[in-house]
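Source file: query-v8.cif (mmCIF, C-alpha atoms, pLDDT in the B column; chains and numbers go by the auth columns)
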data_entry
loop_
_atom_site.group_PDB
_atom_site.id
_atom_site.type_symbol
_atom_site.label_atom_id
_atom_site.label_comp_id
_atom_site.label_asym_id
_atom_site.label_seq_id
_atom_site.Cartn_x
_atom_site.Cartn_y
_atom_site.Cartn_z
_atom_site.B_iso_or_equiv
_atom_site.auth_seq_id
_atom_site.auth_asym_id
ATOM 1 C CA MET A 1 10.107 86.248 -25.067 72.00 231 M
ATOM 2 C CA TYR A 2 10.212 83.336 -27.522 71.00 232 M
ATOM 3 C CA ALA A 3 9.701 80.918 -24.616 79.00 233 M
ATOM 4 C CA LEU A 4 6.537 82.787 -23.554 81.00 234 M
ATOM 5 C CA PHE A 5 5.128 82.740 -27.092 74.00 235 M
ATOM 6 C CA GLY A 6 5.967 79.049 -27.348 79.00 236 M
ATOM 7 C CA PHE A 7 4.183 78.322 -24.079 82.00 237 M
ATOM 8 C CA LEU A 8 1.111 80.293 -25.192 83.00 238 M
ATOM 9 C CA ALA A 9 1.116 78.425 -28.538 82.00 239 M
ATOM 10 C CA MET A 10 1.071 75.145 -26.617 88.00 240 M
ATOM 11 C CA ILE A 11 -1.899 76.381 -24.522 88.00 241 M
ATOM 12 C CA ALA A 12 -3.713 77.406 -27.718 83.00 242 M
ATOM 13 C CA THR A 13 -3.158 73.920 -29.145 89.00 243 M
ATOM 14 C CA ILE A 14 -4.633 72.328 -26.016 88.00 244 M
ATOM 15 C CA MET A 15 -7.634 74.653 -26.146 85.00 245 M
ATOM 16 C CA MET A 16 -8.183 73.815 -29.811 85.00 246 M
ATOM 17 C CA ILE A 17 -8.434 70.130 -28.874 88.00 247 M
ATOM 18 C CA VAL A 18 -10.779 71.003 -25.996 84.00 248 M
ATOM 19 C CA ALA A 19 -12.972 73.042 -28.363 81.00 249 M
ATOM 20 C CA LEU A 20 -13.212 70.096 -30.742 84.00 250 M
ATOM 21 C CA ILE A 21 -14.395 67.887 -27.876 85.00 251 M
ATOM 22 C CA LYS A 22 -16.793 70.431 -26.361 83.00 252 M
ATOM 23 C CA PRO A 23 -17.169 73.908 -27.925 79.00 253 M
ATOM 24 C CA LYS A 24 -18.621 75.379 -24.725 80.00 254 M
ATOM 25 C CA TRP A 25 -15.421 74.599 -22.805 78.00 255 M
ATOM 26 C CA GLY A 26 -13.356 75.968 -25.660 76.00 256 M
ATOM 27 C CA THR A 27 -14.974 79.395 -25.176 79.00 257 M
ATOM 28 C CA PHE A 28 -15.025 79.168 -21.365 78.00 258 M
ATOM 29 C CA GLY A 29 -18.812 79.265 -21.599 76.00 259 M
ATOM 30 C CA LYS A 30 -18.765 82.802 -23.061 76.00 260 M
ATOM 31 C CA ARG A 31 -20.020 81.715 -26.489 79.00 261 M
ATOM 32 C CA PRO A 32 -22.364 78.749 -25.958 78.00 262 M
ATOM 33 C CA GLU A 33 -23.822 79.264 -29.429 79.00 263 M
ATOM 34 C CA TRP A 34 -20.490 78.563 -31.195 80.00 264 M
ATOM 35 C CA ASN A 35 -20.071 75.184 -32.882 84.00 265 M
ATOM 36 C CA ARG A 36 -16.899 73.056 -32.919 80.00 266 M
ATOM 37 C CA LYS A 37 -15.644 74.472 -36.198 84.00 267 M
ATOM 38 C CA LYS A 38 -15.837 78.081 -35.043 83.00 268 M
ATOM 39 C CA ALA A 39 -14.427 77.508 -31.556 79.00 269 M
ATOM 40 C CA ALA A 40 -11.566 75.295 -32.729 81.00 270 M
ATOM 41 C CA GLY A 41 -10.846 77.657 -35.637 84.00 271 M
ATOM 42 C CA LEU A 42 -10.295 80.536 -33.225 83.00 272 M
ATOM 43 C CA TRP A 43 -7.706 78.582 -31.249 81.00 273 M
ATOM 44 C CA LEU A 44 -6.080 77.285 -34.435 87.00 274 M
ATOM 45 C CA ALA A 45 -5.582 80.878 -35.626 88.00 275 M
ATOM 46 C CA ALA A 46 -4.168 81.811 -32.226 85.00 276 M
ATOM 47 C CA CYS A 47 -1.816 78.818 -32.343 87.00 277 M
ATOM 48 C CA ILE A 48 -0.511 79.805 -35.794 89.00 278 M
ATOM 49 C CA VAL A 49 0.064 83.440 -34.769 87.00 279 M
ATOM 50 C CA LEU A 50 1.764 82.546 -31.483 85.00 280 M
ATOM 51 C CA SER A 51 3.959 79.882 -33.161 84.00 281 M
ATOM 52 C CA GLY A 52 5.019 82.459 -35.740 85.00 282 M
ATOM 53 C CA LEU A 53 5.885 84.947 -33.028 82.00 283 M
ATOM 54 C CA ALA A 54 7.835 82.293 -31.133 78.00 284 M
ATOM 55 C CA SER A 55 9.823 81.450 -34.260 82.00 285 M
ATOM 56 C CA ALA A 56 10.426 85.121 -35.124 81.00 286 M
ATOM 57 C CA THR A 57 11.718 85.974 -31.646 82.00 287 M
ATOM 58 C CA THR A 58 13.913 82.888 -31.231 79.00 288 M
ATOM 59 C CA PRO A 59 17.623 83.896 -31.198 78.00 289 M
ATOM 60 C CA PRO A 60 19.723 82.406 -34.045 80.00 290 M
ATOM 61 C CA GLU A 61 21.943 80.479 -31.647 80.00 291 M
ATOM 62 C CA VAL A 62 18.877 78.871 -30.038 70.00 292 M
ATOM 63 C CA LYS A 63 17.475 77.901 -33.458 71.00 293 M
ATOM 64 C CA GLN A 64 20.818 76.366 -34.400 78.00 294 M
ATOM 65 C CA ALA A 65 20.938 74.410 -31.143 69.00 295 M
ATOM 66 C CA GLN A 66 17.379 73.168 -31.717 65.00 296 M
ATOM 67 C CA GLN A 67 18.209 72.093 -35.262 72.00 297 M
ATOM 68 C CA GLN A 68 21.337 70.293 -34.104 73.00 298 M
ATOM 69 C CA LYS A 69 19.377 68.527 -31.371 62.00 299 M
ATOM 70 C CA ALA A 70 16.683 67.453 -33.853 62.00 300 M
ATOM 71 C CA ALA A 71 19.336 66.206 -36.288 62.00 301 M
ATOM 72 C CA GLN A 72 21.088 64.318 -33.494 62.00 302 M
ATOM 73 C CA GLN A 73 17.831 62.678 -32.394 65.00 303 M
ATOM 74 C CA LYS A 74 17.047 61.671 -35.976 64.00 304 M
ATOM 75 C CA MET A 75 20.535 60.220 -36.390 56.00 305 M
ATOM 76 C CA GLU A 76 20.185 58.249 -33.155 56.00 306 M
ATOM 77 C CA GLU A 77 16.822 56.836 -34.241 66.00 307 M
ATOM 78 C CA GLU A 78 18.273 55.792 -37.603 63.00 308 M
ATOM 79 C CA ALA A 79 21.293 54.244 -35.887 58.00 309 M
ATOM 80 C CA LYS A 80 19.026 52.066 -33.733 64.00 310 M
ATOM 81 C CA LYS A 81 17.533 50.557 -36.912 74.00 311 M
ATOM 82 C CA HIS A 82 20.978 49.747 -38.352 88.00 312 M
ATOM 83 C CA VAL A 83 21.597 45.995 -38.643 90.00 313 M
ATOM 84 C CA PHE A 84 24.979 46.315 -36.886 92.00 314 M
ATOM 85 C CA ALA A 85 23.418 48.267 -34.004 89.00 315 M
ATOM 86 C CA LYS A 86 20.450 45.905 -33.627 88.00 316 M
ATOM 87 C CA ASN A 87 22.296 42.619 -33.956 90.00 317 M
ATOM 88 C CA TYR A 88 25.929 43.239 -33.041 91.00 318 M
ATOM 89 C CA GLY A 89 25.973 46.079 -30.516 88.00 319 M
ATOM 90 C CA PHE A 90 27.664 48.752 -32.647 91.00 320 M
ATOM 91 C CA THR A 91 27.363 52.338 -31.386 89.00 321 M
ATOM 92 C CA MET A 92 25.983 55.216 -33.454 86.00 322 M
ATOM 93 C CA GLU A 93 29.523 56.448 -34.197 89.00 323 M
ATOM 94 C CA GLN A 94 30.623 52.959 -35.274 93.00 324 M
ATOM 95 C CA THR A 95 27.667 52.429 -37.612 92.00 325 M
ATOM 96 C CA LYS A 96 28.228 55.882 -39.105 90.00 326 M
ATOM 97 C CA ALA A 97 31.926 55.149 -39.693 94.00 327 M
ATOM 98 C CA LEU A 98 31.020 51.827 -41.335 95.00 328 M
ATOM 99 C CA ASP A 99 28.403 53.388 -43.623 93.00 329 M
ATOM 100 C CA GLU A 100 30.813 56.153 -44.685 95.00 330 M
ATOM 101 C CA ALA A 101 33.557 53.635 -45.469 97.00 331 M
ATOM 102 C CA LEU A 102 31.180 51.467 -47.514 95.00 332 M
ATOM 103 C CA GLU A 103 29.905 54.503 -49.404 94.00 333 M
ATOM 104 C CA SER A 104 33.488 55.526 -50.178 96.00 334 M
ATOM 105 C CA VAL A 105 33.976 52.267 -52.127 95.00 335 M
ATOM 106 C CA GLY A 106 30.644 52.505 -53.971 93.00 336 M
ATOM 107 C CA ILE A 107 28.342 50.527 -51.649 93.00 337 M
ATOM 108 C CA LYS A 108 25.218 52.522 -50.840 89.00 338 M
ATOM 109 C CA LYS A 109 23.347 50.485 -48.262 87.00 339 M
ATOM 110 C CA ILE A 110 23.600 47.382 -46.078 90.00 340 M
ATOM 111 C CA LYS A 111 20.577 45.123 -46.506 89.00 341 M
ATOM 112 C CA ASP A 112 21.692 42.405 -44.095 91.00 342 M
ATOM 113 C CA ALA A 113 24.796 41.168 -42.279 92.00 343 M
ATOM 114 C CA THR A 114 25.852 37.770 -40.940 93.00 344 M
ATOM 115 C CA LYS A 115 28.685 37.229 -38.488 93.00 345 M
ATOM 116 C CA GLN A 116 31.034 34.503 -39.738 90.00 346 M
ATOM 117 C CA GLY A 117 34.052 34.749 -37.469 83.00 347 M
ATOM 118 C CA ALA A 118 34.987 36.578 -34.300 85.00 348 M
ATOM 119 C CA HIS A 119 35.129 39.907 -36.126 88.00 349 M
ATOM 120 C CA ASP A 120 34.232 38.964 -39.724 94.00 350 M
ATOM 121 C CA TYR A 121 30.859 39.954 -41.167 96.00 351 M
ATOM 122 C CA VAL A 122 29.508 39.046 -44.602 95.00 352 M
ATOM 123 C CA LEU A 123 27.103 41.568 -46.100 94.00 353 M
ATOM 124 C CA GLU A 124 24.154 41.671 -48.448 91.00 354 M
ATOM 125 C CA VAL A 125 24.347 45.135 -49.970 90.00 355 M
ATOM 126 C CA ASP A 126 22.903 47.638 -52.404 84.00 356 M
ATOM 127 C CA ALA A 127 25.628 48.925 -54.721 83.00 357 M
ATOM 128 C CA GLY A 128 23.418 50.859 -57.118 81.00 358 M
ATOM 129 C CA SER A 129 23.905 49.677 -60.701 82.00 359 M
ATOM 130 C CA TYR A 130 26.368 46.983 -59.557 83.00 360 M
ATOM 131 C CA THR A 131 25.124 43.742 -58.010 81.00 361 M
ATOM 132 C CA PRO A 132 27.724 41.825 -55.988 86.00 362 M
ATOM 133 C CA ASP A 133 27.044 38.122 -55.561 84.00 363 M
ATOM 134 C CA LYS A 134 25.733 37.089 -52.175 82.00 364 M
ATOM 135 C CA ASN A 135 28.384 36.456 -49.480 86.00 365 M
ATOM 136 C CA THR A 136 31.128 38.290 -51.401 93.00 366 M
ATOM 137 C CA ILE A 137 31.354 41.566 -49.428 94.00 367 M
ATOM 138 C CA HIS A 138 33.181 41.156 -46.110 96.00 368 M
ATOM 139 C CA VAL A 139 33.743 43.618 -43.269 96.00 369 M
ATOM 140 C CA PHE A 140 36.545 43.039 -40.740 96.00 370 M
ATOM 141 C CA CYS A 141 36.643 44.796 -37.346 95.00 371 M
ATOM 142 C CA ASP A 142 38.785 44.593 -34.218 94.00 372 M
ATOM 143 C CA GLU A 143 37.538 43.520 -30.776 93.00 373 M
ATOM 144 C CA ASN A 144 36.230 47.070 -30.166 93.00 374 M
ATOM 145 C CA ASN A 145 34.224 47.121 -33.414 94.00 375 M
ATOM 146 C CA LYS A 146 36.678 49.479 -35.090 94.00 376 M
ATOM 147 C CA LEU A 147 36.628 48.956 -38.852 96.00 377 M
ATOM 148 C CA LEU A 148 39.828 47.401 -40.206 96.00 378 M
ATOM 149 C CA ALA A 149 39.011 46.403 -43.794 97.00 379 M
ATOM 150 C CA ILE A 150 36.305 45.917 -46.422 97.00 380 M
ATOM 151 C CA LYS A 151 36.849 43.210 -49.028 96.00 381 M
ATOM 152 C CA TYR A 152 35.132 41.962 -52.172 94.00 382 M
ATOM 153 C CA ARG A 153 36.064 38.276 -52.300 91.00 383 M
ATOM 154 C CA ALA A 154 39.849 38.406 -51.699 92.00 384 M
ATOM 155 C CA ILE A 155 40.194 41.957 -53.050 94.00 385 M
ATOM 156 C CA THR A 156 40.704 44.716 -50.496 96.00 386 M
ATOM 157 C CA LEU A 157 38.449 47.697 -51.191 97.00 387 M
ATOM 158 C CA TRP A 158 39.105 49.678 -47.990 97.00 388 M
ATOM 159 C CA THR A 159 41.935 49.523 -45.453 96.00 389 M
ATOM 160 C CA ASP A 160 44.062 51.793 -43.229 95.00 390 M
ATOM 161 C CA GLY A 161 41.232 54.314 -43.007 95.00 391 M
ATOM 162 C CA LYS A 162 40.858 54.944 -46.746 96.00 392 M
ATOM 163 C CA PRO A 163 39.387 53.389 -49.932 97.00 393 M
ATOM 164 C CA VAL A 164 41.773 51.395 -52.130 95.00 394 M
ATOM 165 C CA HIS A 165 39.408 50.256 -54.900 95.00 395 M
ATOM 166 C CA GLN A 166 35.802 50.796 -55.949 93.00 396 M
ATOM 167 C CA ILE A 167 33.307 47.932 -56.169 93.00 397 M
ATOM 168 C CA GLY A 168 32.671 49.059 -59.757 92.00 398 M
ATOM 169 C CA ASP A 169 36.298 48.212 -60.594 93.00 399 M
ATOM 170 C CA TYR A 170 35.450 44.504 -60.300 94.00 400 M
ATOM 171 C CA ILE A 171 31.730 44.145 -61.050 93.00 401 M
ATOM 172 C CA MET A 172 30.058 44.963 -64.356 92.00 402 M
ATOM 173 C CA SER A 173 26.842 46.912 -64.546 90.00 403 M
ATOM 174 C CA THR A 174 24.099 45.797 -66.941 89.00 404 M
ATOM 175 C CA SER A 175 24.804 48.711 -69.254 92.00 405 M
ATOM 176 C CA GLU A 176 28.528 47.878 -69.334 93.00 406 M
ATOM 177 C CA GLU A 177 27.771 44.262 -70.274 94.00 407 M
ATOM 178 C CA LEU A 178 25.447 45.368 -73.087 95.00 408 M
ATOM 179 C CA THR A 179 27.977 47.892 -74.406 96.00 409 M
ATOM 180 C CA VAL A 180 30.908 45.454 -74.315 97.00 410 M
ATOM 181 C CA THR A 181 28.838 42.758 -76.047 97.00 411 M
ATOM 182 C CA ARG A 182 27.685 45.096 -78.808 97.00 412 M
ATOM 183 C CA LYS A 183 31.121 46.594 -79.466 97.00 413 M
ATOM 184 C CA SER A 184 32.811 43.173 -79.403 97.00 414 M
ATOM 185 C CA LYS A 185 30.426 41.822 -82.040 97.00 415 M
ATOM 186 C CA GLU A 186 31.114 44.858 -84.233 97.00 416 M
ATOM 187 C CA MET A 187 34.879 44.307 -83.937 97.00 417 M
ATOM 188 C CA VAL A 188 34.582 40.608 -84.771 97.00 418 M
ATOM 189 C CA LYS A 189 32.385 41.196 -87.813 96.00 419 M
ATOM 190 C CA LYS A 190 34.994 43.533 -89.281 96.00 420 M
ATOM 191 C CA VAL A 191 37.537 40.685 -89.551 96.00 421 M
ATOM 192 C CA LEU A 192 35.168 37.983 -90.833 95.00 422 M
ATOM 193 C CA LYS A 193 35.132 36.867 -94.486 93.00 423 M
ATOM 194 C CA ALA A 194 31.326 36.853 -94.460 95.00 424 M
ATOM 195 C CA PRO A 195 30.165 39.140 -91.623 95.00 425 M
ATOM 196 C CA LYS A 196 26.491 38.747 -92.568 94.00 426 M
ATOM 197 C CA SER A 197 26.730 35.017 -91.845 95.00 427 M
ATOM 198 C CA ALA A 198 27.974 35.620 -88.284 96.00 428 M
ATOM 199 C CA SER A 199 26.137 33.777 -85.509 96.00 429 M
ATOM 200 C CA PHE A 200 27.345 34.527 -81.994 96.00 430 M
ATOM 201 C CA ASP A 201 26.882 31.856 -79.340 91.00 431 M
ATOM 202 C CA SER A 202 26.126 33.952 -76.250 91.00 432 M
ATOM 203 C CA GLY A 203 26.188 30.775 -74.164 92.00 433 M
ATOM 204 C CA THR A 204 29.968 30.676 -74.602 93.00 434 M
ATOM 205 C CA PHE A 205 30.476 34.298 -73.584 96.00 435 M
ATOM 206 C CA LYS A 206 32.516 34.787 -70.401 96.00 436 M
ATOM 207 C CA TYR A 207 32.952 38.205 -68.818 95.00 437 M
ATOM 208 C CA TYR A 208 35.621 39.339 -66.357 94.00 438 M
ATOM 209 C CA LYS A 209 36.300 42.713 -64.760 94.00 439 M
ATOM 210 C CA SER A 210 39.469 43.579 -62.875 93.00 440 M
ATOM 211 C CA GLN A 211 40.736 47.029 -61.914 91.00 441 M
ATOM 212 C CA GLY A 212 38.283 48.619 -64.326 91.00 442 M
ATOM 213 C CA VAL A 213 39.260 46.469 -67.347 96.00 443 M
ATOM 214 C CA ILE A 214 36.421 44.356 -68.785 97.00 444 M
ATOM 215 C CA THR A 215 37.335 41.194 -70.686 97.00 445 M
ATOM 216 C CA LEU A 216 34.979 39.237 -72.936 97.00 446 M
ATOM 217 C CA ILE A 217 35.893 35.807 -74.294 97.00 447 M
ATOM 218 C CA GLY A 218 33.469 34.177 -76.721 96.00 448 M
ATOM 219 C CA THR A 219 32.909 32.328 -79.970 96.00 449 M
ATOM 220 C CA VAL A 220 31.321 33.098 -83.314 96.00 450 M
ATOM 221 C CA ASP A 221 30.175 30.834 -86.164 96.00 451 M
ATOM 222 C CA ALA A 222 30.663 32.270 -89.659 96.00 452 M
ATOM 223 C CA GLN A 223 31.424 31.236 -93.233 95.00 453 M
ATOM 224 C CA ASN A 224 35.045 31.014 -94.317 92.00 454 M
ATOM 225 C CA SER A 225 36.440 31.685 -97.783 88.00 455 M
ATOM 226 C CA PHE A 226 34.973 28.387 -99.017 89.00 456 M
ATOM 227 C CA GLY A 227 31.478 29.046 -97.657 89.00 457 M
ATOM 228 C CA ALA A 228 31.810 26.526 -94.838 94.00 458 M
ATOM 229 C CA MET A 229 30.598 27.488 -91.363 95.00 459 M
ATOM 230 C CA ILE A 230 33.437 27.383 -88.840 95.00 460 M
ATOM 231 C CA ARG A 231 33.671 28.355 -85.195 95.00 461 M
ATOM 232 C CA SER A 232 36.248 30.923 -84.099 96.00 462 M
ATOM 233 C CA GLN A 233 37.234 32.217 -80.683 96.00 463 M
ATOM 234 C CA PHE A 234 37.808 35.854 -79.849 97.00 464 M
ATOM 235 C CA LYS A 235 38.833 37.962 -76.876 97.00 465 M
ATOM 236 C CA THR A 236 38.201 41.653 -76.350 98.00 466 M
ATOM 237 C CA GLN A 237 39.090 44.040 -73.533 98.00 467 M
ATOM 238 C CA PHE A 238 37.666 47.463 -72.742 97.00 468 M
ATOM 239 C CA LYS A 239 38.433 50.266 -70.337 95.00 469 M
ATOM 240 C CA GLU A 240 36.483 53.408 -69.548 91.00 470 M
ATOM 241 C CA GLU A 241 38.051 56.566 -70.949 91.00 471 M
ATOM 242 C CA ASP A 242 36.404 59.988 -71.101 88.00 472 M
ATOM 243 C CA GLY A 243 33.065 58.527 -70.018 86.00 473 M
ATOM 244 C CA SER A 244 32.875 55.687 -72.558 93.00 474 M
ATOM 245 C CA LEU A 245 34.187 52.128 -72.879 95.00 475 M
ATOM 246 C CA LYS A 246 37.031 51.970 -75.374 96.00 476 M
ATOM 247 C CA PRO A 247 38.689 48.790 -76.748 96.00 477 M
ATOM 248 C CA ILE A 248 42.265 48.220 -75.561 97.00 478 M
ATOM 249 C CA HIS A 249 42.780 44.618 -76.765 98.00 479 M
ATOM 250 C CA PHE A 250 41.402 42.341 -79.510 98.00 480 M
ATOM 251 C CA THR A 251 42.491 38.781 -80.274 97.00 481 M
ATOM 252 C CA PHE A 252 40.821 36.665 -82.983 96.00 482 M
ATOM 253 C CA GLU A 253 41.764 33.043 -83.501 94.00 483 M
ATOM 254 C CA GLY A 254 44.986 33.515 -81.550 93.00 484 M
ATOM 255 C CA ASN A 255 46.040 36.582 -83.539 95.00 485 M
ATOM 256 C CA GLN A 256 46.286 39.825 -81.581 96.00 486 M
ATOM 257 C CA LEU A 257 44.804 42.564 -83.731 95.00 487 M
ATOM 258 C CA LEU A 258 44.793 45.340 -81.158 92.00 488 M
#
Same coordinates, now as structure tokens:
Amino acid sequence: MYALFGFLAMIATIMMIVALIKPKWGTFGKRPEWNRKKAAGLWLAACIVLSGLASATTPPEVKQAQQQKAAQQKMEEEAKKHVFAKNYGFTMEQTKALDEALESVGIKKIKDATKQGAHDYVLEVDAGSYTPDKNTIHVFCDENNKLLAIKYRAITLWTDGKPVHQIGDYIMSTSEELTVTRKSKEMVKKVLKAPKSASFDSGTFKYYKSQGVITLIGTVDAQNSFGAMIRSQFKTQFKEEDGSLKPIHFTFEGNQLL
């Protein structure tokens, strides 16, 4: 029955278009006085009713099959747009496996890819709040385009079918850099003789992140006990615990204070 209602809905749609072109044809010449709006409106109402009946009488298993088919078609269309499908002949299943592996290590989207070796691709990616430098994310595949590894520089993020590290373990976000800088300055000021005289040279600041530990090395100019301005070096390290960055190391002028 649902097939019949669907067919009739299609006929009603065609007649609605006909009525918009020529109202007389849309009423089979029975209502020559009707204008386009009235004639097309009649067929539009019929189309809505018949479509509703078709949907209401469609068996659940048929609806599920239709939804699966639509989802499959959408997936196939998206796969065709994928840079690895367009440029390097990857299948839909291969592009899906690659995207899932990248997402598992914190990389949301591939912007571009360049083939460097026989099976080595360097990526330009979107990693959300983290911004990897260009040409630092590498994907390695075998001769059949099966994914073997994902690396950030020389660090393996994904191998043997599972994630090993997250991209966020080695790249700082903007908010992490701001938090580490602020907290480091507060720690340094607490050990200065004249904290109000402190002048931090941000040009000397160097940041490193490895396995989730952020290190900041920098310098500060401040007055000593005699009122003279001297430059001192410091090093701080932070690690995320319970949703916030907490200090795990502090060295000032060669003296480890934490």
Spatial neighbours of M:Tyr382, max dist 12 Å, all atoms listed in the file, sep filter under 6 positions, as a VMD selection string: chain M and resid 332 335 to 337 351 to 355 361 to 370 388 394 to 401 440
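Reported to one decimal place, the separation of atom CA of M:Lys345 from atom CA of M:Lys392 is 23.0 Å.
We find atom CA of M:Leu328 and atom CA of M:Lys439 to be spaced 25.7 Å apart.
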Expected selection from the PyMOL selection byres ((chain M and resi 312-318) around 9), given as number ranges by chain: M: 308-311, 319-322, 324-325, 340-343, 345
Best match for closeness to M:Cys371 among M:Leu272, M:Ala384, M:Gln346, M:Ala249, counting only C-alpha atoms: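 Among M:Leu272, M:Ala384, M:Gln346, M:Ala249, it is M:Gln346 that comes nearest to M:Cys371.
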Around stretch 376-391 of chain M, with edges along x, y and z and 8 Å added on all six sides, what centre and edge lengths do you get, in Å to one decimal, as JSON?
{"center_x": 39.6, "center_y": 46.3, "center_z": -44.1, "size_x": 24.9, "size_y": 32.0, "size_z": 34.0}
Distance of atom CA of M:Lys413 from atom CA of M:Gly442, expressed in Å to one decimal place: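 Atom CA of M:Gly442 sits 16.9 Å away from atom CA of M:Lys413.
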M:Tyr360, M:Phe435, M:Phe482, M:Phe468 ranked by distance to M:Leu422, top pick (using only C-alpha atoms): M:Phe482
Residue among M:Thr389, M:Ser455, M:Thr445, M:Ser462 lying closest to M:Ser429, counting all atoms listed in the file: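 Closest candidate: M:Ser462.
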Nearest to M:Glu416 by atom-to-atom distance, counting all atoms listed in the file, from M:Thr466, M:Thr404, M:Gln486, M:Gln294: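 Once distances to M:Glu416 are computed over all atoms listed in the file, the minimum belongs to M:Thr466.
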Quick one: residues within 7 Å of (42.8, 45.3, -80.7) (file frame), counting only C-alpha atoms, please, as a PDB file with C-alpha atoms, in the frame of the given file.
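Saved result, selection.pdb, follows:
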ATOM      1  CA  PRO M 477      38.689  48.790 -76.748  1.00 96.00           C
ATOM      2  CA  ILE M 478      42.265  48.220 -75.561  1.00 97.00           C
ATOM      3  CA  HIS M 479      42.780  44.618 -76.765  1.00 98.00           C
ATOM      4  CA  PHE M 480      41.402  42.341 -79.510  1.00 98.00           C
ATOM      5  CA  THR M 481      42.491  38.781 -80.274  1.00 97.00           C
ATOM      6  CA  GLN M 486      46.286  39.825 -81.581  1.00 96.00           C
ATOM      7  CA  LEU M 487      44.804  42.564 -83.731  1.00 95.00           C
ATOM      8  CA  LEU M 488      44.793  45.340 -81.158  1.00 92.00           C
TER       9      LEU M 488
END
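Proximity to M:Leu446 was assessed for M:Lys426, M:Arg412, M:Arg261, M:Arg266 counting all atoms listed in the file; the smallest distance is recorded for M:Arg412.
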Residues returned when the PyMOL selection byres ((chain M and resi 238) around 12) runs on this file, as a PDB file with C-alpha atoms, keeping the file's coordinate frame:
ATOM      1  CA  MET M 231      10.107  86.248 -25.067  1.00 72.00           C
ATOM      2  CA  TYR M 232      10.212  83.336 -27.522  1.00 71.00           C
ATOM      3  CA  ALA M 233       9.701  80.918 -24.616  1.00 79.00           C
ATOM      4  CA  LEU M 234       6.537  82.787 -23.554  1.00 81.00           C
ATOM      5  CA  PHE M 235       5.128  82.740 -27.092  1.00 74.00           C
ATOM      6  CA  GLY M 236       5.967  79.049 -27.348  1.00 79.00           C
ATOM      7  CA  PHE M 237       4.183  78.322 -24.079  1.00 82.00           C
ATOM      8  CA  ALA M 239       1.116  78.425 -28.538  1.00 82.00           C
ATOM      9  CA  MET M 240       1.071  75.145 -26.617  1.00 88.00           C
ATOM     10  CA  ILE M 241      -1.899  76.381 -24.522  1.00 88.00           C
ATOM     11  CA  ALA M 242      -3.713  77.406 -27.718  1.00 83.00           C
ATOM     12  CA  THR M 243      -3.158  73.920 -29.145  1.00 89.00           C
ATOM     13  CA  ILE M 244      -4.633  72.328 -26.016  1.00 88.00           C
ATOM     14  CA  MET M 245      -7.634  74.653 -26.146  1.00 85.00           C
ATOM     15  CA  TRP M 273      -7.706  78.582 -31.249  1.00 81.00           C
ATOM     16  CA  ALA M 276      -4.168  81.811 -32.226  1.00 85.00           C
ATOM     17  CA  CYS M 277      -1.816  78.818 -32.343  1.00 87.00           C
ATOM     18  CA  ILE M 278      -0.511  79.805 -35.794  1.00 89.00           C
ATOM     19  CA  VAL M 279       0.064  83.440 -34.769  1.00 87.00           C
ATOM     20  CA  LEU M 280       1.764  82.546 -31.483  1.00 85.00           C
ATOM     21  CA  SER M 281       3.959  79.882 -33.161  1.00 84.00           C
ATOM     22  CA  GLY M 282       5.019  82.459 -35.740  1.00 85.00           C
ATOM     23  CA  LEU M 283       5.885  84.947 -33.028  1.00 82.00           C
ATOM     24  CA  ALA M 284       7.835  82.293 -31.133  1.00 78.00           C
TER      25      ALA M 284
END
Residue by residue, what does the PyMOL selection byres ((chain M and resi 409) around 12) grab here? Present the result as a PDB file with C-alpha atoms, keeping the file's coordinate frame.
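Contents of the output file result-v8.pdb:
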ATOM      1  CA  MET M 402      30.058  44.963 -64.356  1.00 92.00           C
ATOM      2  CA  SER M 403      26.842  46.912 -64.546  1.00 90.00           C
ATOM      3  CA  THR M 404      24.099  45.797 -66.941  1.00 89.00           C
ATOM      4  CA  SER M 405      24.804  48.711 -69.254  1.00 92.00           C
ATOM      5  CA  GLU M 406      28.528  47.878 -69.334  1.00 93.00           C
ATOM      6  CA  GLU M 407      27.771  44.262 -70.274  1.00 94.00           C
ATOM      7  CA  LEU M 408      25.447  45.368 -73.087  1.00 95.00           C
ATOM      8  CA  VAL M 410      30.908  45.454 -74.315  1.00 97.00           C
ATOM      9  CA  THR M 411      28.838  42.758 -76.047  1.00 97.00           C
ATOM     10  CA  ARG M 412      27.685  45.096 -78.808  1.00 97.00           C
ATOM     11  CA  LYS M 413      31.121  46.594 -79.466  1.00 97.00           C
ATOM     12  CA  SER M 414      32.811  43.173 -79.403  1.00 97.00           C
ATOM     13  CA  LYS M 415      30.426  41.822 -82.040  1.00 97.00           C
ATOM     14  CA  GLU M 416      31.114  44.858 -84.233  1.00 97.00           C
ATOM     15  CA  ILE M 444      36.421  44.356 -68.785  1.00 97.00           C
ATOM     16  CA  LEU M 446      34.979  39.237 -72.936  1.00 97.00           C
ATOM     17  CA  GLN M 467      39.090  44.040 -73.533  1.00 98.00           C
ATOM     18  CA  PHE M 468      37.666  47.463 -72.742  1.00 97.00           C
ATOM     19  CA  LYS M 469      38.433  50.266 -70.337  1.00 95.00           C
ATOM     20  CA  GLU M 470      36.483  53.408 -69.548  1.00 91.00           C
ATOM     21  CA  SER M 474      32.875  55.687 -72.558  1.00 93.00           C
ATOM     22  CA  LEU M 475      34.187  52.128 -72.879  1.00 95.00           C
ATOM     23  CA  LYS M 476      37.031  51.970 -75.374  1.00 96.00           C
ATOM     24  CA  PRO M 477      38.689  48.790 -76.748  1.00 96.00           C
TER      25      PRO M 477
END
Nearest residue to M:Ile385 from the set M:Gln453, M:Thr287, M:Gln297, M:Gln441 (distances using all atoms listed in the file): M:Gln441
